[in-house]
Amino acid sequence: MLGSNVSTLLEQLGKYLPEGPQYYPDDQVTDHPEQFVCAELIREKILQMTREEVPHSIAVTIEDMKVQDNGVVYISAVIFVERDSQKGIIIGKQGALLKEVGKRARHDIQNLLGSKIFMDLWVKVKKDWRNQDRVLRDLGFGRD
């Protein structure tokens with residue numbers, strides 16, 4: 001059963017892991033910018049909904065993110081895949097899967113930002129992007 005014994009595991013890990021330094025203030029939940037977190041929330045929804053059909057050959061970038069005059073946060077995101085067949089899977093029949101990804105991600109992003117969200121999602125093919133250092137850097141996956 002998923003989730004069983006989680007509290008026991010955390011208790012045992014706590015016995016062996018020393019407390020580390022505090023790297024950022026208590027009211028700051030992450031050291032990543034909002035755009036990174038939004039991209040990861042979108043990516044998370046795709047992975048949850050596609051399972052093995054689309055392995056981890058997905059990258060999400062936020063092309064534009066701004067607060068409009070009416071207070072709504074506009075987000076334009078691009079989902080990159082490696083093959084045309086993956087693009088079809090992400091879009092789904094008549095756009096159904098992409099629409100559901102947007103709905104679920106929008107819900108989480110609204111909770112994160114505390115604002116209404118309008119989101120445009122685009123799916124683009126970038127052939128074999130995981131094997132190209134320049135593309136990895138452009139997508140935020142720099143190799144050291």
# chains A, B, ... in the order shown; residues from 1 in each chain; ligands from 1
>>> residues_around(residues="stretch 85-90 of chain A", least_positions_apart="2", cutoff="12 Å", atoms="only C-alpha atoms", output="ChimeraX atom specification")
/A:42-43,45-58,78-83,92-102,121-128
>>> residues_around(residues="A:Glu63", least_positions_apart="4", cutoff="12 Å", atoms="only C-alpha atoms", output="list in words")
Gln35, Phe36, Cys38, Ala39, Tyr74, Ile75, Ser76, Ala77, Val78, Ile79, Met119, Asp120, Leu121, Trp122, Asp138 and Leu139 of chain A
>>> atom_distance(atom1="atom CA of A:Leu41", atom2="atom CA of A:Leu112")
10.1 Å
>>> select_by_dssp(residues="chain A", states="strand (DSSP E or B)", output="list in words")
Ala59, Val60, Thr61, Ile62, Glu63, Asp64, Met65, Lys66, Val67, Val73, Tyr74, Ile75, Ser76, Ala77, Val78, Ile79, Phe80, Val81, Ile117, Phe118, Met119, Asp120, Leu121, Trp122, Val123, Lys124 and Val125 of chain A
>>> write_last_selection(atoms="N, CA and C atoms", output="PDB file, in the first residue's frame")
ATOM      1  N   ALA A  59      10.565  18.359 -20.732  1.00  0.00           N
ATOM      2  CA  ALA A  59      11.061  19.552 -20.056  1.00  0.00           C
ATOM      3  C   ALA A  59       9.996  20.635 -20.213  1.00  0.00           C
ATOM      4  N   VAL A  60       9.858  21.465 -19.215  1.00  0.00           N
ATOM      5  CA  VAL A  60       8.882  22.551 -19.270  1.00  0.00           C
ATOM      6  C   VAL A  60       9.613  23.856 -19.000  1.00  0.00           C
ATOM      7  N   THR A  61       9.383  24.825 -19.844  1.00  0.00           N
ATOM      8  CA  THR A  61       9.942  26.155 -19.614  1.00  0.00           C
ATOM      9  C   THR A  61       8.805  27.173 -19.567  1.00  0.00           C
ATOM     10  N   ILE A  62       8.974  28.148 -18.730  1.00  0.00           N
ATOM     11  CA  ILE A  62       8.013  29.252 -18.662  1.00  0.00           C
ATOM     12  C   ILE A  62       8.545  30.349 -19.574  1.00  0.00           C
ATOM     13  N   GLU A  63       7.833  30.595 -20.641  1.00  0.00           N
ATOM     14  CA  GLU A  63       8.241  31.606 -21.620  1.00  0.00           C
ATOM     15  C   GLU A  63       7.878  33.012 -21.158  1.00  0.00           C
ATOM     16  N   ASP A  64       6.736  33.120 -20.459  1.00  0.00           N
ATOM     17  CA  ASP A  64       6.265  34.429 -20.021  1.00  0.00           C
ATOM     18  C   ASP A  64       5.442  34.241 -18.757  1.00  0.00           C
ATOM     19  N   MET A  65       5.632  35.133 -17.815  1.00  0.00           N
ATOM     20  CA  MET A  65       4.852  35.098 -16.571  1.00  0.00           C
ATOM     21  C   MET A  65       4.742  36.524 -16.064  1.00  0.00           C
ATOM     22  N   LYS A  66       3.521  37.040 -16.067  1.00  0.00           N
ATOM     23  CA  LYS A  66       3.341  38.422 -15.626  1.00  0.00           C
ATOM     24  C   LYS A  66       1.951  38.612 -15.034  1.00  0.00           C
ATOM     25  N   VAL A  67       1.867  39.569 -14.140  1.00  0.00           N
ATOM     26  CA  VAL A  67       0.589  39.929 -13.534  1.00  0.00           C
ATOM     27  C   VAL A  67      -0.075  40.960 -14.440  1.00  0.00           C
ATOM     28  N   VAL A  73      -2.587  36.312 -13.057  1.00  0.00           N
ATOM     29  CA  VAL A  73      -1.225  35.999 -13.478  1.00  0.00           C
ATOM     30  C   VAL A  73      -1.307  35.218 -14.784  1.00  0.00           C
ATOM     31  N   TYR A  74      -0.687  35.767 -15.818  1.00  0.00           N
ATOM     32  CA  TYR A  74      -0.637  35.104 -17.122  1.00  0.00           C
ATOM     33  C   TYR A  74       0.650  34.293 -17.208  1.00  0.00           C
ATOM     34  N   ILE A  75       0.521  33.018 -17.570  1.00  0.00           N
ATOM     35  CA  ILE A  75       1.676  32.142 -17.725  1.00  0.00           C
ATOM     36  C   ILE A  75       1.618  31.496 -19.100  1.00  0.00           C
ATOM     37  N   SER A  76       2.699  31.601 -19.830  1.00  0.00           N
ATOM     38  CA  SER A  76       2.846  30.896 -21.094  1.00  0.00           C
ATOM     39  C   SER A  76       3.974  29.894 -20.914  1.00  0.00           C
ATOM     40  N   ALA A  77       3.646  28.604 -21.065  1.00  0.00           N
ATOM     41  CA  ALA A  77       4.632  27.552 -20.846  1.00  0.00           C
ATOM     42  C   ALA A  77       4.750  26.671 -22.080  1.00  0.00           C
ATOM     43  N   VAL A  78       5.970  26.184 -22.314  1.00  0.00           N
ATOM     44  CA  VAL A  78       6.224  25.257 -23.412  1.00  0.00           C
ATOM     45  C   VAL A  78       6.674  23.928 -22.818  1.00  0.00           C
ATOM     46  N   ILE A  79       6.030  22.883 -23.280  1.00  0.00           N
ATOM     47  CA  ILE A  79       6.387  21.518 -22.888  1.00  0.00           C
ATOM     48  C   ILE A  79       7.199  20.941 -24.042  1.00  0.00           C
ATOM     49  N   PHE A  80       8.451  20.593 -23.767  1.00  0.00           N
ATOM     50  CA  PHE A  80       9.303  20.013 -24.796  1.00  0.00           C
ATOM     51  C   PHE A  80       9.332  18.501 -24.658  1.00  0.00           C
ATOM     52  N   VAL A  81       9.192  17.820 -25.782  1.00  0.00           N
ATOM     53  CA  VAL A  81       9.333  16.374 -25.853  1.00  0.00           C
ATOM     54  C   VAL A  81      10.368  16.068 -26.932  1.00  0.00           C
ATOM     55  N   ILE A 117      -5.046  32.366 -12.198  1.00  0.00           N
ATOM     56  CA  ILE A 117      -4.049  32.074 -13.220  1.00  0.00           C
ATOM     57  C   ILE A 117      -4.736  31.899 -14.560  1.00  0.00           C
ATOM     58  N   PHE A 118      -4.159  32.477 -15.596  1.00  0.00           N
ATOM     59  CA  PHE A 118      -4.519  32.163 -16.975  1.00  0.00           C
ATOM     60  C   PHE A 118      -3.271  31.560 -17.588  1.00  0.00           C
ATOM     61  N   MET A 119      -3.404  30.353 -18.131  1.00  0.00           N
ATOM     62  CA  MET A 119      -2.217  29.659 -18.599  1.00  0.00           C
ATOM     63  C   MET A 119      -2.389  29.172 -20.029  1.00  0.00           C
ATOM     64  N   ASP A 120      -1.380  29.456 -20.851  1.00  0.00           N
ATOM     65  CA  ASP A 120      -1.263  28.905 -22.199  1.00  0.00           C
ATOM     66  C   ASP A 120      -0.211  27.820 -22.155  1.00  0.00           C
ATOM     67  N   LEU A 121      -0.562  26.609 -22.617  1.00  0.00           N
ATOM     68  CA  LEU A 121       0.397  25.516 -22.687  1.00  0.00           C
ATOM     69  C   LEU A 121       0.615  25.145 -24.149  1.00  0.00           C
ATOM     70  N   TRP A 122       1.874  24.995 -24.519  1.00  0.00           N
ATOM     71  CA  TRP A 122       2.252  24.607 -25.877  1.00  0.00           C
ATOM     72  C   TRP A 122       3.138  23.379 -25.796  1.00  0.00           C
ATOM     73  N   VAL A 123       3.027  22.494 -26.760  1.00  0.00           N
ATOM     74  CA  VAL A 123       3.877  21.311 -26.809  1.00  0.00           C
ATOM     75  C   VAL A 123       4.724  21.405 -28.070  1.00  0.00           C
ATOM     76  N   LYS A 124       6.046  21.296 -27.897  1.00  0.00           N
ATOM     77  CA  LYS A 124       6.969  21.372 -29.032  1.00  0.00           C
ATOM     78  C   LYS A 124       7.933  20.193 -28.991  1.00  0.00           C
ATOM     79  N   VAL A 125       8.312  19.744 -30.182  1.00  0.00           N
ATOM     80  CA  VAL A 125       9.287  18.668 -30.296  1.00  0.00           C
ATOM     81  C   VAL A 125      10.671  19.281 -30.467  1.00  0.00           C
TER      82      VAL A 125
END
>>> select_by_dssp(residues="chain A", states="helix (DSSP H, G or I)", output="PyMOL selection string")
chain A and resi 6-16+34-53+84-91+93-113+129-131+133-138
>>> atom_distance(atom1="atom CA of A:Pro33", atom2="atom CA of A:Leu17")
27.4 Å
>>> closest_residue(among="A:Gln110, A:Ser115, A:Asn131, A:Ser7", to="A:Val72", atoms="only C-alpha atoms")
A:Ser115
